[in-house]
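Asks: If it helps, the file is called final_9.txt and holds compact mmCIF, C-alpha atoms:
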```
# COMPACT_ATOMS: atom_id res chain seq x y z
CA MET I 385 -10.68 -16.66 -0.26
CA GLN I 386 -14.48 -17.04 -0.32
CA THR I 387 -15.31 -13.55 -1.53
CA LEU I 388 -14.14 -11.19 -4.27
CA THR I 389 -15.13 -7.53 -4.20
CA CYS I 390 -15.53 -5.74 -7.54
CA THR I 391 -16.47 -2.17 -8.37
CA LEU I 392 -18.16 -1.28 -11.67
CA ILE I 393 -17.82 2.27 -12.99
CA GLN I 394 -20.51 3.19 -15.52
CA SER I 395 -19.72 6.58 -16.98
CA LYS I 396 -19.89 8.97 -19.89
CA LEU I 397 -16.65 9.25 -21.86
CA TYR I 398 -14.89 12.28 -23.31
CA TRP I 399 -14.59 11.61 -27.02
CA GLN I 400 -11.00 10.92 -28.05
CA ASP I 401 -9.62 12.81 -25.06
CA ALA I 402 -7.45 10.45 -23.01
CA ALA I 403 -6.25 13.07 -20.53
CA ALA I 404 -9.81 14.14 -19.68
CA ASN I 405 -10.92 10.53 -19.27
CA ARG I 406 -7.98 9.68 -17.03
CA GLN I 407 -8.79 12.64 -14.82
CA MET I 408 -12.47 11.75 -14.71
CA PHE I 409 -11.84 8.12 -13.79
CA ALA I 410 -9.25 9.16 -11.20
CA GLU I 411 -11.93 11.24 -9.50
CA LYS I 412 -14.43 8.39 -9.63
CA ILE I 413 -11.95 5.88 -8.24
CA ASN I 414 -11.11 8.30 -5.45
CA ALA I 415 -14.85 8.50 -4.70
CA ILE I 416 -15.24 4.75 -4.08
CA GLN I 417 -16.44 4.46 -0.49
CA GLN I 418 -16.23 0.71 0.08
CA LYS I 419 -13.13 -1.44 0.23
CA THR I 420 -12.71 -3.06 -3.16
CA GLU I 421 -10.27 -5.38 -4.92
CA VAL I 422 -11.09 -5.05 -8.63
CA VAL I 423 -12.22 -1.86 -10.40
CA ILE I 424 -13.72 -2.31 -13.86
CA LEU I 425 -13.86 0.44 -16.51
CA PRO I 426 -15.63 0.34 -19.91
CA GLU I 427 -14.19 -0.62 -23.29
CA MET I 428 -11.83 2.00 -24.77
CA PHE I 429 -12.25 3.97 -21.56
CA SER I 430 -9.65 6.57 -22.58
CA THR I 431 -11.21 7.56 -25.93
CA GLY I 432 -14.60 6.02 -26.56
CA PHE I 433 -15.11 3.51 -29.38
CA SER I 434 -12.99 5.34 -31.94
CA MET I 435 -11.90 4.11 -35.35
CA GLN I 436 -8.94 6.51 -35.44
CA PRO I 437 -6.14 4.55 -33.76
CA GLU I 438 -3.62 6.16 -36.11
CA LYS I 439 -4.23 9.42 -34.21
CA PHE I 440 -5.10 8.26 -30.71
CA ALA I 441 -3.55 4.85 -30.00
CA GLU I 442 -0.91 4.72 -27.27
CA THR I 443 1.90 2.28 -26.66
CA MET I 444 2.24 0.06 -23.61
CA ASP I 445 4.70 2.68 -22.33
CA GLY I 446 2.19 5.46 -22.87
CA ASP I 447 0.37 7.74 -20.46
CA THR I 448 -2.78 5.66 -19.97
CA VAL I 449 -1.04 2.40 -19.09
CA ALA I 450 1.25 4.39 -16.79
CA TRP I 451 -1.84 5.92 -15.18
CA MET I 452 -3.35 2.46 -14.66
CA LYS I 453 -0.10 1.27 -13.07
CA LYS I 454 0.18 4.30 -10.77
CA THR I 455 -3.48 4.17 -9.73
CA ALA I 456 -3.48 0.43 -9.08
CA ALA I 457 -0.40 0.81 -6.89
CA SER I 458 -1.61 3.83 -4.92
CA LYS I 459 -5.10 2.43 -4.32
CA LYS I 460 -3.95 -1.19 -3.93
CA ILE I 461 -6.53 -2.40 -6.43
CA ILE I 462 -6.64 -4.28 -9.72
CA ILE I 463 -7.82 -2.09 -12.62
CA VAL I 464 -9.50 -3.57 -15.70
CA GLY I 465 -10.39 -1.77 -18.92
CA SER I 466 -9.57 -1.70 -22.62
CA LEU I 467 -7.89 0.98 -24.71
CA MET I 468 -6.46 1.34 -28.21
CA ILE I 469 -2.84 0.18 -28.25
CA LYS I 470 -0.12 0.34 -30.89
CA ALA I 471 2.18 -2.67 -30.57
CA PRO I 472 4.27 -5.09 -32.65
CA SER I 473 2.08 -7.15 -34.93
CA LEU I 474 1.01 -10.58 -33.68
CA LEU I 475 0.51 -11.88 -37.20
CA GLU I 476 3.23 -14.27 -38.33
CA ARG I 477 3.44 -12.88 -41.84
CA ALA I 478 3.05 -9.22 -40.89
CA GLN I 479 5.85 -6.88 -40.02
CA GLY I 480 5.96 -3.66 -38.09
CA GLU I 481 3.23 -2.51 -35.73
CA ALA I 482 -0.52 -2.95 -35.54
CA PHE I 483 -3.40 -1.53 -33.53
CA TYR I 484 -5.30 -3.55 -30.92
CA ASN I 485 -8.39 -3.05 -28.78
CA ARG I 486 -6.50 -4.30 -25.74
CA LEU I 487 -7.98 -5.12 -22.35
CA ILE I 488 -5.45 -4.68 -19.54
CA TRP I 489 -5.58 -6.40 -16.15
CA MET I 490 -3.31 -4.17 -14.05
CA LEU I 491 -2.12 -5.43 -10.66
CA PRO I 492 -1.06 -3.22 -7.72
CA ASN I 493 2.56 -4.40 -8.03
CA GLY I 494 2.80 -3.18 -11.63
CA ASP I 495 2.52 -6.60 -13.24
CA TYR I 496 -0.24 -6.96 -15.81
CA GLY I 497 -1.89 -9.30 -18.24
CA TYR I 498 -3.66 -8.31 -21.42
CA TYR I 499 -6.24 -9.63 -23.86
CA ASP I 500 -6.61 -8.37 -27.43
CA LYS I 501 -10.26 -8.37 -28.51
CA ARG I 502 -10.83 -11.35 -30.76
CA HIS I 503 -14.19 -10.52 -32.34
CA LEU I 504 -13.86 -7.19 -34.10
CA PHE I 505 -17.11 -5.33 -34.82
CA ALA I 506 -17.15 -5.42 -38.62
CA TYR I 507 -20.54 -3.66 -38.73
CA GLY I 508 -18.69 -0.63 -37.34
CA ASP I 509 -15.51 -1.22 -39.42
CA GLU I 510 -13.44 -2.19 -36.38
CA HIS I 511 -11.79 -4.95 -38.41
CA LYS I 512 -10.43 -2.34 -40.83
CA HIS I 513 -8.51 -0.52 -38.12
CA TYR I 514 -7.56 -3.13 -35.52
CA THR I 515 -5.96 -6.57 -35.48
CA ALA I 516 -7.85 -9.39 -33.77
CA GLY I 517 -6.31 -11.23 -30.85
CA ASN I 518 -6.02 -15.00 -30.74
CA LYS I 519 -5.57 -15.87 -27.07
CA ARG I 520 -7.87 -15.61 -24.07
CA LEU I 521 -6.78 -14.21 -20.75
CA ILE I 522 -8.00 -15.98 -17.63
CA ALA I 523 -6.62 -14.12 -14.65
CA SER I 524 -6.36 -15.41 -11.10
CA VAL I 525 -6.81 -13.54 -7.83
CA LYS I 526 -7.48 -14.96 -4.35
CA GLY I 527 -8.24 -18.35 -5.88
CA TRP I 528 -10.82 -16.87 -8.27
CA LYS I 529 -10.40 -17.48 -12.00
CA ILE I 530 -11.61 -14.62 -14.18
CA ASN I 531 -12.21 -14.77 -17.93
CA LEU I 532 -11.74 -11.29 -19.45
CA GLN I 533 -13.50 -10.35 -22.68
CA VAL I 534 -14.52 -7.27 -24.67
CA CYS I 535 -17.94 -6.12 -25.90
CA TYR I 536 -18.71 -7.90 -29.21
CA ASP I 537 -17.12 -11.11 -27.85
CA LEU I 538 -20.39 -11.45 -25.93
CA ARG I 539 -22.20 -12.54 -29.10
CA PHE I 540 -19.90 -15.55 -29.56
CA PRO I 541 -20.51 -18.02 -26.71
CA VAL I 542 -18.08 -20.62 -28.03
CA TRP I 543 -15.16 -18.29 -27.30
CA ALA I 544 -16.24 -18.12 -23.66
CA ARG I 545 -17.37 -21.74 -23.33
CA GLN I 546 -14.36 -23.63 -24.67
CA SER I 547 -13.07 -26.01 -22.05
CA LEU I 548 -9.95 -27.30 -20.44
CA PRO I 549 -8.14 -30.03 -22.38
CA LEU I 550 -9.53 -33.47 -21.54
CA HIS I 551 -6.44 -34.57 -19.59
CA LEU I 552 -6.94 -31.59 -17.22
CA TRP I 553 -10.69 -32.12 -16.75
CA SER I 554 -11.70 -33.45 -13.31
CA GLY I 555 -15.20 -34.44 -14.38
CA THR I 556 -16.63 -33.78 -10.92
CA GLY I 557 -19.18 -31.24 -12.11
CA GLY I 558 -18.45 -29.02 -9.12
CA GLU I 559 -15.95 -26.78 -10.87
CA GLY I 560 -15.37 -24.97 -14.11
CA GLU I 561 -12.50 -23.44 -16.00
CA TYR I 562 -13.31 -20.04 -14.53
CA ASP I 563 -15.57 -18.45 -11.92
CA VAL I 564 -16.27 -14.98 -13.33
CA LEU I 565 -16.77 -13.62 -16.84
CA ILE I 566 -16.09 -9.89 -17.24
CA TYR I 567 -17.19 -7.96 -20.34
CA VAL I 568 -16.12 -4.34 -20.82
CA ALA I 569 -18.15 -2.60 -23.50
CA ASN I 570 -19.28 0.36 -25.58
CA TRP I 571 -22.60 -1.33 -26.44
CA PRO I 572 -25.20 0.97 -28.09
CA GLU I 573 -28.64 1.44 -26.54
CA ARG I 574 -30.33 0.36 -29.78
CA ARG I 575 -29.11 -3.20 -29.10
CA ALA I 576 -29.51 -3.15 -25.31
CA ALA I 577 -31.97 -6.05 -25.33
CA ALA I 578 -29.30 -8.30 -26.82
CA TRP I 579 -26.69 -7.07 -24.31
CA LYS I 580 -28.86 -7.85 -21.29
CA THR I 581 -30.10 -11.20 -22.61
CA LEU I 582 -26.66 -12.46 -23.62
CA LEU I 583 -25.07 -11.49 -20.29
CA GLN I 584 -27.66 -13.62 -18.50
CA ALA I 585 -27.18 -16.45 -20.97
CA ARG I 586 -23.41 -16.51 -20.41
CA ALA I 587 -23.97 -16.73 -16.64
CA ILE I 588 -26.50 -19.56 -16.92
CA GLU I 589 -24.64 -21.70 -19.45
CA ASN I 590 -21.26 -21.36 -17.72
CA GLN I 591 -22.62 -21.42 -14.16
CA CYS I 592 -20.48 -18.44 -13.27
CA TYR I 593 -20.79 -14.84 -12.19
CA VAL I 594 -20.97 -12.40 -15.10
CA ILE I 595 -20.10 -8.71 -14.89
CA GLY I 596 -20.84 -6.39 -17.81
CA VAL I 597 -19.57 -2.79 -17.63
CA ASN I 598 -20.83 -0.44 -20.34
CA ARG I 599 -20.61 3.31 -20.94
CA ILE I 600 -23.48 5.80 -21.13
CA GLY I 601 -24.11 8.86 -23.27
CA ASP I 602 -23.53 9.82 -26.89
CA ASP I 603 -20.22 9.06 -28.54
CA GLY I 604 -18.55 11.22 -31.18
CA ASN I 605 -20.75 9.69 -33.87
CA GLY I 606 -23.96 10.60 -32.06
CA ILE I 607 -24.65 6.99 -31.01
CA TYR I 608 -26.33 6.77 -27.62
CA HIS I 609 -25.30 4.24 -24.96
CA SER I 610 -27.68 3.41 -22.11
CA GLY I 611 -25.15 1.62 -19.94
CA ASP I 612 -27.23 -1.26 -18.59
CA SER I 613 -24.18 -2.48 -16.69
CA MET I 614 -25.03 -5.67 -14.84
CA VAL I 615 -23.88 -8.25 -12.31
CA ILE I 616 -25.46 -11.69 -12.66
CA ASP I 617 -25.04 -14.72 -10.43
CA PRO I 618 -24.43 -18.35 -11.56
CA LEU I 619 -28.18 -19.04 -11.62
CA GLY I 620 -28.86 -16.10 -13.92
CA GLU I 621 -30.25 -13.88 -11.17
CA ILE I 622 -29.61 -10.17 -11.67
CA LEU I 623 -27.75 -8.73 -8.67
CA TYR I 624 -27.29 -5.27 -10.17
CA HIS I 625 -28.55 -3.32 -13.18
CA LYS I 626 -28.20 0.39 -13.92
CA LYS I 627 -29.60 2.18 -16.98
CA ASP I 628 -28.86 5.66 -18.34
CA GLU I 629 -27.12 7.03 -15.24
CA GLU I 630 -23.51 7.31 -14.20
CA ASP I 631 -22.91 4.98 -11.28
CA ILE I 632 -20.22 3.45 -9.10
CA PHE I 633 -21.34 0.11 -7.69
CA THR I 634 -19.43 -2.33 -5.51
CA VAL I 635 -20.49 -5.96 -5.25
CA GLU I 636 -19.15 -8.88 -3.23
CA LEU I 637 -19.06 -12.17 -5.13
CA ASN I 638 -19.45 -15.28 -2.98
CA LYS I 639 -17.37 -18.36 -3.86
CA LYS I 640 -19.42 -20.58 -1.53
CA HIS I 641 -22.58 -19.72 -3.47
CA LEU I 642 -20.84 -20.43 -6.78
CA GLU I 643 -19.60 -23.83 -5.59
CA SER I 644 -23.01 -24.69 -4.14
CA VAL I 645 -24.72 -24.00 -7.47
CA ARG I 646 -22.22 -26.11 -9.38
CA THR I 647 -22.40 -28.97 -6.89
CA LYS I 648 -26.20 -29.10 -6.60
CA LEU I 649 -26.69 -28.61 -10.34
CA PRO I 650 -23.66 -30.39 -11.88
CA PHE I 651 -24.43 -29.42 -15.47
CA LEU I 652 -20.82 -28.60 -16.35
CA LYS I 653 -19.84 -32.26 -16.22
CA ASP I 654 -22.12 -32.85 -19.21
CA ALA I 655 -20.64 -30.01 -21.26
CA ASP I 656 -18.95 -30.58 -24.59
CA ARG I 657 -15.19 -30.28 -24.26
CA PHE I 658 -13.47 -28.44 -27.10
CA ILE I 659 -10.69 -25.97 -27.77
CA ILE I 660 -10.64 -23.27 -30.44
CA THR I 661 -7.40 -23.29 -32.40
CA ASN I 662 -5.98 -20.57 -34.62
CA GLU I 663 -5.25 -22.82 -37.56
```
Mind turning the file's structure into structure tokens?
Replies:
Amino acid sequence: MQTLTCTLIQSKLYWQDAAANRQMFAEKINAIQQKTEVVILPEMFSTGFSMQPEKFAETMDGDTVAWMKKTAASKKIIIVGSLMIKAPSLLERAQGEAFYNRLIWMLPNGDYGYYDKRHLFAYGDEHKHYTAGNKRLIASVKGWKINLQVCYDLRFPVWARQSLPLHLWSGTGGEGEYDVLIYVANWPERRAAAWKTLLQARAIENQCYVIGVNRIGDDGNGIYHSGDSMVIDPLGEILYHKKDEEDIFTVELNKKHLESVRTKLPFLKDADRFIITNE
């Protein structure tokens, strides 16, 4: 219960080629040497950050979700990553189907949770092709609470920081709403300084572990990604950082360290308590 082992896979992606990406990640998962519990893939790991969901989006019954389910079961791991999904619209006034940049938390038993990216990257026209989500996903495993977010969400700390309702707040200062923040990303190298700085900021302000998993290499638009995947502890200390290279890295997160930081430095008890609504 005191530790959680996570494996980050920083990789190039085959542009808009889901079958090739599934095969590539299958090989990388098979190559993991250490025992692990959670394997984290980048944002849109099956296609790259594509604005052509009409051509390449899959359904929840499609090949990539089926691959995640099969792999999680055979390896007895949790798999995390986002992909473009075609699904019934979440909008009250909309009918038919819509496209989502959907993060999936796939368990070994075939159960899963999902989070639809809330903050769509308008600078890259993501909002023109995808529908924004309106609910967070905080998963639980071995007593660890994990807040799952996608790329551009990193720039909006309020979405990560919102708190438990007041009647559920213990006020002890030794706990928080979650223990780990995970960001999966296709974050370009030209804005790498922001990526690295904001990951550390999220860890410090929320007194939690932060894991950021990014891709490397050029995408189909010629935009280069340097990776810079990171693991950061609740004090903001960098436990892992890899730039420009493909890498498979396994880290053990320590719950005792997390609780010690929050108890000795009880800053969370002074935090503003608020909830974002969709009204």
Asks: May I have the residues at most 6 Å from (-21.0, 12.1, -22.5) in the file's coordinates, counting only C-alpha atoms, as a VMD selection string?
Replies: chain I and resid 396 to 397 601 to 602
Asks: Within 8 Å of (-12.4, -10.9, -12.1) (file coordinates; all atoms listed in the file), which protein or nucleic acid residues are there? I'd like them as an mmCIF file with C-alpha atoms, in the frame of the given file.
Replies:
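Below you can see point25.cif, which holds the result:
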```cif
data_model
loop_
_atom_site.group_PDB
_atom_site.id
_atom_site.type_symbol
_atom_site.label_atom_id
_atom_site.label_comp_id
_atom_site.auth_asym_id
_atom_site.auth_seq_id
_atom_site.Cartn_x
_atom_site.Cartn_y
_atom_site.Cartn_z
ATOM 1 C CA CYS I 390 -15.530 -5.740 -7.540
ATOM 2 C CA VAL I 422 -11.090 -5.050 -8.630
ATOM 3 C CA ALA I 523 -6.620 -14.120 -14.650
ATOM 4 C CA SER I 524 -6.360 -15.410 -11.100
ATOM 5 C CA VAL I 525 -6.810 -13.540 -7.830
ATOM 6 C CA TRP I 528 -10.820 -16.870 -8.270
ATOM 7 C CA LYS I 529 -10.400 -17.480 -12.000
ATOM 8 C CA ILE I 530 -11.610 -14.620 -14.180
ATOM 9 C CA ASN I 531 -12.210 -14.770 -17.930
ATOM 10 C CA LEU I 532 -11.740 -11.290 -19.450
ATOM 11 C CA VAL I 564 -16.270 -14.980 -13.330
ATOM 12 C CA LEU I 565 -16.770 -13.620 -16.840
ATOM 13 C CA ILE I 566 -16.090 -9.890 -17.240
#
```
Asks: Using all atoms listed in the file, pick whichever of I:Gly527, I:Gly508, I:Gly604, I:Gly497 has the shortest atom-to-atom distance to Lys453 (chain I).
Replies: I:Gly497
Asks: Find the distance between CA of Asp628 (chain I) and CA of Asp612 (chain I) and write it in Å to one decimal.
Replies: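 So the two atoms, CA of Asp628 (chain I) and CA of Asp612 (chain I), lie 7.1 Å apart.
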Asks: State, in Å with one decimal place, the distance from CA of Val423 (chain I) to CA of Glu630 (chain I).
Replies: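 Interatomic distance, CA of Val423 (chain I) to CA of Glu630 (chain I): 15.0 Å.
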Asks: For Ser644 (chain I), which of I:Ala471, I:Ile413, I:Leu619, I:Cys535 is the closest residue, counting all atoms listed in the file?
Replies: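 The answer is I:Leu619, which sits nearest to Ser644 (chain I).
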Asks: For Lys580 (chain I), which of I:Glu643, I:Glu621, I:Glu411, I:Glu561 is the closest residue, counting all atoms listed in the file?
Replies: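 Closest to Lys580 (chain I) of all the choices is I:Glu621.
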Asks: Compare I:Arg657, I:His625, I:Lys648, I:His503 by their minimum atom-to-atom distance to Leu392 (chain I), counting only C-alpha atoms, and give me the closest one.
Replies: I:His625
Asks: Could the centre and edge lengths of an axis-aligned box, enclosing all atoms of region 529-536 of chain I in the file with 3 Å extra on each side, be given in Å to one decimal as JSON?
Replies:
```
{"center_x": -14.6, "center_y": -11.8, "center_z": -20.6, "size_x": 14.3, "size_y": 17.4, "size_z": 23.2}
```
Asks: Just checking: using only C-alpha atoms, which residue out of I:Leu637, I:Ile632, I:Leu467, I:Leu649 ends up closest to Gln417 (chain I)?
Replies: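 Selected residue with least distance to Gln417 (chain I): I:Ile632.
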Asks: Please measure the separation of CA of Ile393 (chain I) and CA of Lys412 (chain I), giving the value in Å to one decimal.
Replies: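 Between these atoms lies a distance of 7.8 Å.
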Asks: Contacts of Ile622 (chain I) at 12 Å or less, counting only C-alpha atoms, minus same-chain residues fewer than 3 places along, as a PyMOL selection string?
Replies: chain I and resi 580-581+583-585+587-588+593-596+612-619+625-626+635
Asks: Counting only C-alpha atoms, which residue out of I:Asn414, I:Val645, I:Met435, I:Pro492 sits closest to Asp509 (chain I)?
Replies: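 Among I:Asn414, I:Val645, I:Met435, I:Pro492, it is I:Met435 that comes nearest to Asp509 (chain I).
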Asks: Report as a list in words all protein, DNA and RNA residues lying within 8 Å of Asn485 (chain I), evaluated on only C-alpha atoms, omitting residues in the same chain fewer than 3 positions from it.
Replies: Met428, Ser466, Leu467, Met468, Ile469, Asp500, Lys501, Tyr514 and Thr515 of chain I
Asks: As a ChimeraX atom specification, please: the residues near Lys639 (chain I) (cut-off 9 Å, only C-alpha atoms, same-chain neighbours under 6 positions excluded).
Replies: /I:385-388,528,563
Asks: Would you mind exporting C-alpha atoms of the selected residues as a tab-separated table (two decimals), in the coordinates of the input?
Replies:
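Output file selection_34.tsv follows:
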```tsv
chain	number	residue	atom	x	y	z
I	385	MET	CA	-10.68	-16.66	-0.26
I	386	GLN	CA	-14.48	-17.04	-0.32
I	387	THR	CA	-15.31	-13.55	-1.53
I	388	LEU	CA	-14.14	-11.19	-4.27
I	528	TRP	CA	-10.82	-16.87	-8.27
I	563	ASP	CA	-15.57	-18.45	-11.92
```
Asks: For Ser458 (chain I), list every protein, DNA or RNA residue within 12 Å, evaluated using only C-alpha atoms, and leave out those in the same chain fewer than 2 positions away; present the list as a tab-separated table (two decimals) with C-alpha atoms, in the frame of the given file.
Replies:
```tsv
chain	number	residue	atom	x	y	z
I	410	ALA	CA	-9.25	9.16	-11.20
I	413	ILE	CA	-11.95	5.88	-8.24
I	414	ASN	CA	-11.11	8.30	-5.45
I	451	TRP	CA	-1.84	5.92	-15.18
I	452	MET	CA	-3.35	2.46	-14.66
I	453	LYS	CA	-0.10	1.27	-13.07
I	454	LYS	CA	0.18	4.30	-10.77
I	455	THR	CA	-3.48	4.17	-9.73
I	456	ALA	CA	-3.48	0.43	-9.08
I	460	LYS	CA	-3.95	-1.19	-3.93
I	461	ILE	CA	-6.53	-2.40	-6.43
I	462	ILE	CA	-6.64	-4.28	-9.72
I	463	ILE	CA	-7.82	-2.09	-12.62
I	491	LEU	CA	-2.12	-5.43	-10.66
I	492	PRO	CA	-1.06	-3.22	-7.72
I	493	ASN	CA	2.56	-4.40	-8.03
I	494	GLY	CA	2.80	-3.18	-11.63
```
Asks: Quick one: contact table of region 403-451 of chain I to region 605-611 of chain I, 12 Å max, nearest atom pair and distance in Å to one decimal per residue, counting only C-alpha atoms, chain and number order, as CSV?
Replies:
```
residue,atom,partner,partner_atom,distance
I:Leu425,CA,I:Gly611,CA,11.9
I:Pro426,CA,I:Gly611,CA,9.6
I:Glu427,CA,I:Gly611,CA,11.7
I:Gly432,CA,I:Asn605,CA,10.2
I:Phe433,CA,I:Asn605,CA,9.5
I:Ser434,CA,I:Asn605,CA,9.1
I:Met435,CA,I:Asn605,CA,10.6
```
